[in-house]
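**Q** The following file, upload07.cif, comprises mmCIF, C-alpha atoms:
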```cif
data_start
loop_
_atom_site.label_atom_id
_atom_site.label_comp_id
_atom_site.auth_asym_id
_atom_site.auth_seq_id
_atom_site.Cartn_x
_atom_site.Cartn_y
_atom_site.Cartn_z
CA MET Q 1 -39.76 -95.83 92.75
CA THR Q 2 -37.13 -93.15 93.44
CA TYR Q 3 -34.12 -93.66 95.69
CA ASN Q 4 -35.46 -91.22 98.32
CA GLU Q 5 -38.83 -92.96 98.39
CA ARG Q 6 -37.10 -96.32 98.91
CA ILE Q 7 -34.99 -94.92 101.77
CA LYS Q 8 -38.13 -93.57 103.47
CA LYS Q 9 -39.78 -96.98 103.21
CA PHE Q 10 -36.69 -98.66 104.63
CA PHE Q 11 -36.75 -96.21 107.54
CA ILE Q 12 -40.45 -96.76 108.27
CA ALA Q 13 -40.15 -100.55 107.95
CA GLY Q 14 -37.10 -100.70 110.24
CA VAL Q 15 -38.55 -98.46 112.93
CA SER Q 16 -41.94 -100.19 112.89
CA ALA Q 17 -40.31 -103.65 113.11
CA ALA Q 18 -38.33 -102.52 116.17
CA ALA Q 19 -41.58 -101.21 117.68
CA VAL Q 20 -43.30 -104.55 117.01
CA ASN Q 21 -40.43 -106.39 118.71
CA PHE Q 22 -40.68 -104.12 121.76
CA MET Q 23 -44.48 -104.39 121.99
CA VAL Q 24 -44.51 -108.17 121.65
CA ILE Q 25 -41.88 -108.79 124.33
CA SER Q 26 -43.65 -106.28 126.61
CA ILE Q 27 -46.98 -108.08 126.14
CA PHE Q 28 -45.46 -111.46 126.96
CA ILE Q 29 -43.61 -110.25 130.06
CA GLU Q 30 -45.80 -107.48 131.46
CA ILE Q 31 -49.29 -108.72 130.52
CA LEU Q 32 -49.00 -112.49 130.09
CA GLY Q 33 -46.58 -112.88 133.00
CA PHE Q 34 -43.61 -114.55 131.29
CA ARG Q 35 -41.33 -113.75 134.25
CA MET Q 36 -39.47 -117.00 134.84
CA TYR Q 37 -35.99 -117.25 133.28
CA PHE Q 38 -37.07 -119.82 130.68
CA LEU Q 39 -40.24 -117.89 129.82
CA LYS Q 40 -38.31 -114.64 129.40
CA ASN Q 41 -36.02 -116.33 126.90
CA LEU Q 42 -39.05 -117.80 125.13
CA ALA Q 43 -40.68 -114.36 125.01
CA ASN Q 44 -37.52 -112.92 123.51
CA ILE Q 45 -37.35 -115.61 120.81
CA LEU Q 46 -41.04 -115.20 119.95
CA ALA Q 47 -40.69 -111.42 119.77
CA ILE Q 48 -37.75 -111.75 117.37
CA GLU Q 49 -39.59 -114.18 115.11
CA ILE Q 50 -42.85 -112.21 115.09
CA SER Q 51 -41.01 -108.99 114.23
CA ALA Q 52 -39.07 -110.89 111.54
CA LEU Q 53 -42.35 -112.12 110.04
CA TYR Q 54 -43.75 -108.60 110.16
CA ASN Q 55 -40.63 -107.20 108.50
CA PHE Q 56 -40.74 -109.89 105.81
CA LEU Q 57 -44.39 -109.16 104.99
CA ILE Q 58 -44.09 -105.38 104.97
CA SER Q 59 -40.95 -105.62 102.82
CA ARG Q 60 -42.65 -107.96 100.38
CA VAL Q 61 -45.95 -106.11 99.97
CA TRP Q 62 -44.80 -102.52 100.47
CA THR Q 63 -41.06 -101.71 100.47
CA TRP Q 64 -40.32 -103.90 97.43
CA LYS Q 65 -43.79 -104.18 95.91
CA ASP Q 66 -42.47 -102.98 92.55
CA SER Q 67 -39.79 -105.72 92.39
CA PRO Q 68 -40.28 -108.84 90.26
CA LYS Q 69 -41.94 -111.65 92.22
CA ARG Q 70 -40.03 -114.89 92.69
CA GLN Q 71 -41.46 -117.76 90.69
CA GLY Q 72 -41.75 -121.37 91.84
CA LYS Q 73 -41.20 -120.61 95.51
CA SER Q 74 -43.98 -120.57 98.09
CA LEU Q 75 -44.45 -117.70 100.52
CA VAL Q 76 -43.44 -119.99 103.41
CA ALA Q 77 -40.24 -121.02 101.62
CA GLN Q 78 -39.44 -117.37 100.91
CA PHE Q 79 -39.90 -116.47 104.57
CA LEU Q 80 -37.69 -119.34 105.74
CA SER Q 81 -34.93 -118.21 103.37
CA TYR Q 82 -35.41 -114.62 104.50
CA ASN Q 83 -35.35 -115.59 108.19
CA ILE Q 84 -32.17 -117.63 107.85
CA ALA Q 85 -30.53 -114.70 106.06
CA ARG Q 86 -31.54 -112.47 108.96
CA SER Q 87 -29.61 -114.30 111.68
CA LEU Q 88 -28.58 -111.99 114.48
CA ILE Q 89 -25.67 -109.59 114.26
CA ALA Q 90 -23.68 -108.85 117.41
CA ALA Q 91 -22.00 -105.48 117.84
CA HIS Q 92 -21.27 -103.01 120.60
CA PRO Q 93 -24.69 -101.53 121.50
CA TYR Q 94 -23.68 -98.08 120.26
CA LEU Q 95 -22.57 -99.53 116.91
CA ALA Q 96 -25.67 -101.71 116.66
CA ASP Q 97 -28.17 -98.83 116.73
CA ASN Q 98 -28.06 -98.19 112.98
CA ILE Q 99 -27.85 -101.80 111.79
CA PRO Q 100 -31.62 -102.60 111.85
CA LEU Q 101 -32.42 -99.40 109.96
CA PHE Q 102 -29.78 -99.39 107.24
CA ALA Q 103 -29.00 -103.11 106.90
CA GLN Q 104 -32.49 -104.42 107.71
CA ARG Q 105 -30.91 -107.02 109.99
CA LYS Q 106 -31.67 -107.99 113.58
CA VAL Q 107 -29.12 -107.29 116.31
CA PHE Q 108 -28.42 -109.05 119.60
CA ILE Q 109 -28.52 -105.83 121.61
CA ASN Q 110 -28.52 -102.12 120.86
CA ASP Q 111 -28.49 -98.93 122.88
CA GLU Q 112 -31.76 -97.41 121.64
CA LEU Q 113 -33.89 -100.22 123.08
CA SER Q 114 -31.77 -100.71 126.23
CA LEU Q 115 -34.03 -98.57 128.37
CA PRO Q 116 -35.93 -99.63 131.52
CA PHE Q 117 -39.44 -99.17 130.07
CA PHE Q 118 -40.75 -102.01 132.25
CA ASP Q 119 -38.99 -103.86 135.05
CA ASN Q 120 -39.25 -107.35 133.58
CA TYR Q 121 -38.30 -106.15 130.11
CA TRP Q 122 -35.28 -104.45 131.65
CA GLN Q 123 -34.24 -107.70 133.35
CA VAL Q 124 -34.09 -109.40 129.94
CA ILE Q 125 -32.11 -106.53 128.42
CA LYS Q 126 -29.78 -106.37 131.41
CA LYS Q 127 -28.89 -110.06 131.25
CA ARG Q 128 -28.37 -109.85 127.50
CA THR Q 129 -26.02 -106.85 127.91
CA TYR Q 130 -23.92 -108.57 130.59
CA ASP Q 131 -23.72 -111.67 128.37
CA PHE Q 132 -22.65 -109.51 125.43
CA PHE Q 133 -19.69 -107.94 127.24
CA ASP Q 134 -18.63 -111.34 128.56
CA ALA Q 135 -18.47 -112.49 124.95
CA TYR Q 136 -17.03 -109.28 123.44
CA TYR Q 137 -14.05 -109.39 125.76
CA SER Q 138 -13.74 -113.18 125.80
CA ASP Q 139 -10.29 -114.77 125.73
CA ASP Q 140 -11.63 -118.22 124.81
CA ALA Q 141 -12.68 -118.86 121.21
CA ARG Q 142 -14.77 -121.92 122.04
CA SER Q 143 -16.89 -120.10 124.62
CA LEU Q 144 -17.35 -117.20 122.19
CA TYR Q 145 -18.45 -119.60 119.45
CA ASP Q 146 -20.86 -121.32 121.87
CA PHE Q 147 -22.30 -117.91 122.79
CA CYS Q 148 -22.97 -117.26 119.09
CA HIS Q 149 -24.48 -120.69 118.56
CA ASN Q 150 -26.75 -120.49 121.62
CA ASN Q 151 -28.06 -117.03 120.67
CA GLY Q 152 -28.39 -117.43 116.90
CA ILE Q 153 -25.61 -114.94 116.14
CA ALA Q 154 -24.16 -115.33 112.65
CA TYR Q 155 -22.00 -112.20 112.35
CA TRP Q 156 -19.95 -109.83 114.48
CA VAL Q 157 -19.35 -106.16 113.71
CA VAL Q 158 -16.23 -105.26 115.68
CA ASP Q 159 -14.43 -102.01 116.43
CA ALA Q 160 -10.78 -102.98 116.93
CA SER Q 161 -10.16 -99.80 118.94
CA HIS Q 162 -12.32 -101.24 121.74
CA PHE Q 163 -9.47 -103.58 122.71
CA THR Q 164 -6.74 -100.96 122.94
CA GLY Q 165 -5.23 -99.67 126.16
CA ALA Q 166 -6.23 -96.12 125.24
CA TYR Q 167 -9.91 -97.01 124.87
CA LEU Q 168 -10.12 -99.16 128.00
CA GLY Q 169 -8.01 -96.66 129.92
CA ASN Q 170 -10.57 -93.97 129.18
CA ARG Q 171 -13.01 -96.09 131.24
CA GLN Q 172 -16.06 -95.19 129.15
CA VAL Q 173 -17.11 -98.48 127.56
CA TYR Q 174 -20.87 -98.13 128.12
CA PHE Q 175 -23.28 -96.72 130.65
CA GLU Q 176 -23.58 -98.08 134.19
CA PRO Q 177 -24.13 -100.65 135.58
CA PHE Q 178 -22.53 -102.23 132.50
CA ASN Q 179 -19.51 -99.95 132.17
CA GLN Q 180 -17.67 -101.11 135.28
CA TYR Q 181 -18.66 -104.72 134.60
CA ALA Q 182 -17.18 -104.57 131.09
CA LEU Q 183 -13.99 -102.96 132.40
CA ASP Q 184 -13.64 -105.65 135.07
CA VAL Q 185 -14.19 -108.41 132.50
CA ALA Q 186 -11.62 -106.90 130.13
CA ALA Q 187 -9.07 -106.52 132.94
CA SER Q 188 -9.49 -110.17 133.94
CA ARG Q 189 -8.85 -111.59 130.46
CA LYS Q 190 -5.52 -112.56 128.92
CA GLY Q 191 -6.05 -110.97 125.55
CA PHE Q 192 -9.22 -111.00 123.46
CA VAL Q 193 -10.35 -113.41 120.76
CA LEU Q 194 -11.88 -110.66 118.61
CA ASP Q 195 -8.63 -108.71 118.76
CA ARG Q 196 -6.73 -111.69 117.31
CA ILE Q 197 -8.78 -112.05 114.12
CA ARG Q 198 -6.48 -112.13 111.10
CA GLY Q 199 -7.11 -110.02 108.03
CA LYS Q 200 -7.87 -113.01 105.81
CA ASP Q 201 -10.75 -114.02 108.09
CA LYS Q 202 -12.48 -110.64 107.95
CA LEU Q 203 -15.40 -110.33 105.54
CA PHE Q 204 -15.20 -106.54 105.47
CA THR Q 205 -12.81 -103.95 106.86
CA LYS Q 206 -13.04 -100.18 107.01
CA GLY Q 207 -10.63 -98.36 109.30
CA MET Q 208 -10.89 -99.96 112.73
CA LEU Q 209 -14.20 -101.65 111.93
CA PHE Q 210 -14.48 -105.17 110.57
CA VAL Q 211 -17.07 -107.92 110.10
CA ILE Q 212 -16.61 -111.64 110.67
CA ASN Q 213 -18.74 -114.77 110.43
CA GLU Q 214 -19.11 -116.86 113.59
CA ASP Q 215 -17.51 -119.87 111.91
CA VAL Q 216 -14.05 -118.27 111.80
CA LEU Q 217 -13.95 -118.37 115.60
CA LEU Q 218 -13.27 -122.10 115.46
CA ARG Q 219 -9.87 -121.30 113.89
CA TYR Q 220 -8.71 -119.51 117.03
#
```
Could you spell out this file's structure in C-alpha cells?
**A**
Amino acid sequence: MTYNERIKKFFIAGVSAAAVNFMVISIFIEILGFRMYFLKNLANILAIEISALYNFLISRVWTWKDSPKRQGKSLVAQFLSYNIARSLIAAHPYLADNIPLFAQRKVFINDELSLPFFDNYWQVIKKRTYDFFDAYYSDDARSLYDFCHNNGIAYWVVDASHFTGAYLGNRQVYFEPFNQYALDVAASRKGFVLDRIRGKDKLFTKGMLFVINEDVLLRY
C-alpha cells in the first residue's frame, strides 16, 4: 500500500470514528433520555469505548489489513492493549482538533465537536470544557493529577505560550462563554502547574509545544 493510500485510510478512519462517537452520545442523550448527571457521564464513557472498538476494528481489518497479524494473542487481548494505549489526551481544544486524525488518539475535548447540535449533548460538552480550563490553569498539582485520573487522561499536549502575560492579555483564550471563564480562572491562580514543568519531565518539545505524561504531575 502506498503512503498516500495509507494517509487516506487514516483520514477516513479518524473522521468516521469521531462521527460514531457523536452519533452514539446523541442516541443515548437525545433518544434514550440519559439526561441525569450520572447518565450523561455514562453516555460519554460508552460513546468513547464504542468508538474505540470501532476504530480498533476498522484499523485491523482495513487500514492495516496488509500488516502481519499478531500471533498468540486473541482479538480481545489485542483490543484491550489497543484501548489502554489510547488513553485520552488533553490539549487546548484548538490544538486537539488534529490529534484524532493524525495521531489516531482520543482527546478529552476539541473545538470541532464543541458545537450545540443538541441541547443535552451541549450540556455535556459545556461541562467538560469548563472542567478543562479549570485544570489547564490549575495551580495545584494534586488536583490536576486527580482530574487526569478521574477522566482517564494519560497525556497533556501543552502550549507554553498560553501561560504568558501577552497571551492572556490578548483576552482571546477561546470562544464565549468559555473565554471569560478561562480568563477569570487564570487571573485567580498563583501560577500554573503546567507552566512549571521542567525540561527533563517533558516527553517531547517543539518550540512552545510540549508533551507530558500525567505521572510527572506528582513531582510538582
**Q** Of the residues Q:Trp156, Q:Phe56, Q:Trp62, Q:Phe175, which is the one nearest to Phe210 of chain Q, using only C-alpha atoms?
**A**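 Once distances to Phe210 of chain Q are computed over only C-alpha atoms, the minimum belongs to Q:Trp156.
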**Q** Quick one: distance from atom CA of Ile29 of chain Q to atom CA of Pro116 of chain Q in Å, one decimal?
**A**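 These atoms are spaced 13.2 Å apart.
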**Q** Do you know which residues are at most 8 Å from Val158 of chain Q counting only C-alpha atoms, after dropping those on the same chain fewer than 4 positions away, and could you put them as number ranges by chain?
**A** Q: 91-92, 194, 209-211
**Q** For the file shown, report as a PDB file with C-alpha atoms, in the coordinates of the input the outcome of the PyMOL selection byres ((chain Q and resi 161-174) around 10) at residue level.
**A**
```
ATOM      1  CA  HIS Q  92     -21.270-103.010 120.600  1.00  0.00           C
ATOM      2  CA  PRO Q  93     -24.690-101.530 121.500  1.00  0.00           C
ATOM      3  CA  TYR Q  94     -23.680 -98.080 120.260  1.00  0.00           C
ATOM      4  CA  ASP Q 111     -28.490 -98.930 122.880  1.00  0.00           C
ATOM      5  CA  PHE Q 133     -19.690-107.940 127.240  1.00  0.00           C
ATOM      6  CA  TYR Q 136     -17.030-109.280 123.440  1.00  0.00           C
ATOM      7  CA  TYR Q 137     -14.050-109.390 125.760  1.00  0.00           C
ATOM      8  CA  VAL Q 158     -16.230-105.260 115.680  1.00  0.00           C
ATOM      9  CA  ASP Q 159     -14.430-102.010 116.430  1.00  0.00           C
ATOM     10  CA  ALA Q 160     -10.780-102.980 116.930  1.00  0.00           C
ATOM     11  CA  PHE Q 175     -23.280 -96.720 130.650  1.00  0.00           C
ATOM     12  CA  GLU Q 176     -23.580 -98.080 134.190  1.00  0.00           C
ATOM     13  CA  PRO Q 177     -24.130-100.650 135.580  1.00  0.00           C
ATOM     14  CA  PHE Q 178     -22.530-102.230 132.500  1.00  0.00           C
ATOM     15  CA  ASN Q 179     -19.510 -99.950 132.170  1.00  0.00           C
ATOM     16  CA  GLN Q 180     -17.670-101.110 135.280  1.00  0.00           C
ATOM     17  CA  TYR Q 181     -18.660-104.720 134.600  1.00  0.00           C
ATOM     18  CA  ALA Q 182     -17.180-104.570 131.090  1.00  0.00           C
ATOM     19  CA  LEU Q 183     -13.990-102.960 132.400  1.00  0.00           C
ATOM     20  CA  ALA Q 186     -11.620-106.900 130.130  1.00  0.00           C
ATOM     21  CA  ALA Q 187      -9.070-106.520 132.940  1.00  0.00           C
ATOM     22  CA  GLY Q 191      -6.050-110.970 125.550  1.00  0.00           C
ATOM     23  CA  PHE Q 192      -9.220-111.000 123.460  1.00  0.00           C
ATOM     24  CA  LEU Q 194     -11.880-110.660 118.610  1.00  0.00           C
ATOM     25  CA  ASP Q 195      -8.630-108.710 118.760  1.00  0.00           C
ATOM     26  CA  GLY Q 207     -10.630 -98.360 109.300  1.00  0.00           C
ATOM     27  CA  MET Q 208     -10.890 -99.960 112.730  1.00  0.00           C
ATOM     28  CA  LEU Q 209     -14.200-101.650 111.930  1.00  0.00           C
TER      29      LEU Q 209
END
```
**Q** Take atom CA of Ile197 of chain Q and atom CA of Asp184 of chain Q and report the distance between them in Å, one decimal.
**A**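 Separation of atom CA of Ile197 of chain Q and atom CA of Asp184 of chain Q: 22.4 Å.
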**Q** Translate the PyMOL selection byres ((chain Q and resi 33-48) around 8), as applied to the file shown, into an explicit residue set as a list in words.
**A** Val20, Asn21, Phe22, Val24, Ile25, Phe28, Ile29, Glu30, Ile31, Leu32, Glu49, Ile50, Ser51, Ala52, Asn120 and Val124 of chain Q
**Q** For the PyMOL selection byres ((chain Q and resi 112) around 10), applied here, can you spell out every residue it catches as number ranges by chain?
**A** Q: 18, 93-94, 96-98, 109-111, 113-115
**Q** Write the residues of the preceding selection, restricted to C-alpha atoms, as a compact mmCIF listing (two decimals), in the frame of the given file.
**A**
```
# COMPACT_ATOMS: atom_id res chain seq x y z
CA ALA Q 18 -38.33 -102.52 116.17
CA PRO Q 93 -24.69 -101.53 121.50
CA TYR Q 94 -23.68 -98.08 120.26
CA ALA Q 96 -25.67 -101.71 116.66
CA ASP Q 97 -28.17 -98.83 116.73
CA ASN Q 98 -28.06 -98.19 112.98
CA ILE Q 109 -28.52 -105.83 121.61
CA ASN Q 110 -28.52 -102.12 120.86
CA ASP Q 111 -28.49 -98.93 122.88
CA LEU Q 113 -33.89 -100.22 123.08
CA SER Q 114 -31.77 -100.71 126.23
CA LEU Q 115 -34.03 -98.57 128.37
```
**Q** Would you work out the distance separating atom CA of Asp134 of chain Q from atom CA of Lys202 of chain Q, expressed in Å to one decimal?
**A**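 One can read the atom CA of Asp134 of chain Q to atom CA of Lys202 of chain Q distance as 21.5 Å.
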**Q** Restricting the calculation to only C-alpha atoms: of Q:Arg219, Q:Thr2, Q:Ala19, Q:Ile7, which residue gets closest to Ala141 of chain Q?
**A**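 When distances to Ala141 of chain Q are compared using only C-alpha atoms, the smallest one comes from Q:Arg219.
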**Q** Hey, which of Q:Thr63, Q:Lys127, Q:Thr205, Q:Val157 ends up closest to Glu5 of chain Q? Count all atoms listed in the file.
**A**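 Closest to Glu5 of chain Q, using all atoms listed in the file: Q:Thr63.
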**Q** Check the smallest atom-to-atom distance from each of Q:Asp131, Q:Ile153, Q:Asp146, Q:Lys126 to Val107 of chain Q using only C-alpha atoms, then report the winner.
**A**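 The answer is Q:Ile153, which sits nearest to Val107 of chain Q.
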**Q** Can you work out which one of Q:Leu88, Q:Leu57, Q:Phe102, Q:Phe132 has the shortest atom-to-atom distance to Lys8 of chain Q, counting only C-alpha atoms?
**A** Q:Phe102
**Q** Within 8 Å of (-32.3, -96.0, 108.9), in the coordinates the file gives, what residues turn up when you count all atoms listed in the file, written out as a list of chain:residue names?
**A**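 Residues with an atom close enough to that point: Q:Ile7, Q:Phe10, Q:Phe11, Q:Gly14, Q:Val15, Q:Asn98, Q:Ile99, Q:Pro100, Q:Leu101, Q:Phe102.
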**Q** Go through Q:Lys9, Q:His149, Q:Arg198, Q:Lys206 and flag the residue nearest Asn55 of chain Q, using all atoms listed in the file for the distances.
**A**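 Of all the options, Q:Lys9 lies closest to Asn55 of chain Q.
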**Q** List the spatial neighbours of Leu144 of chain Q as a ChimeraX atom specification - criterion: any atom at most 8 Å away, all atoms listed in the file, same-chain residues fewer than 6 positions off excluded.
**A** /Q:135,138,217
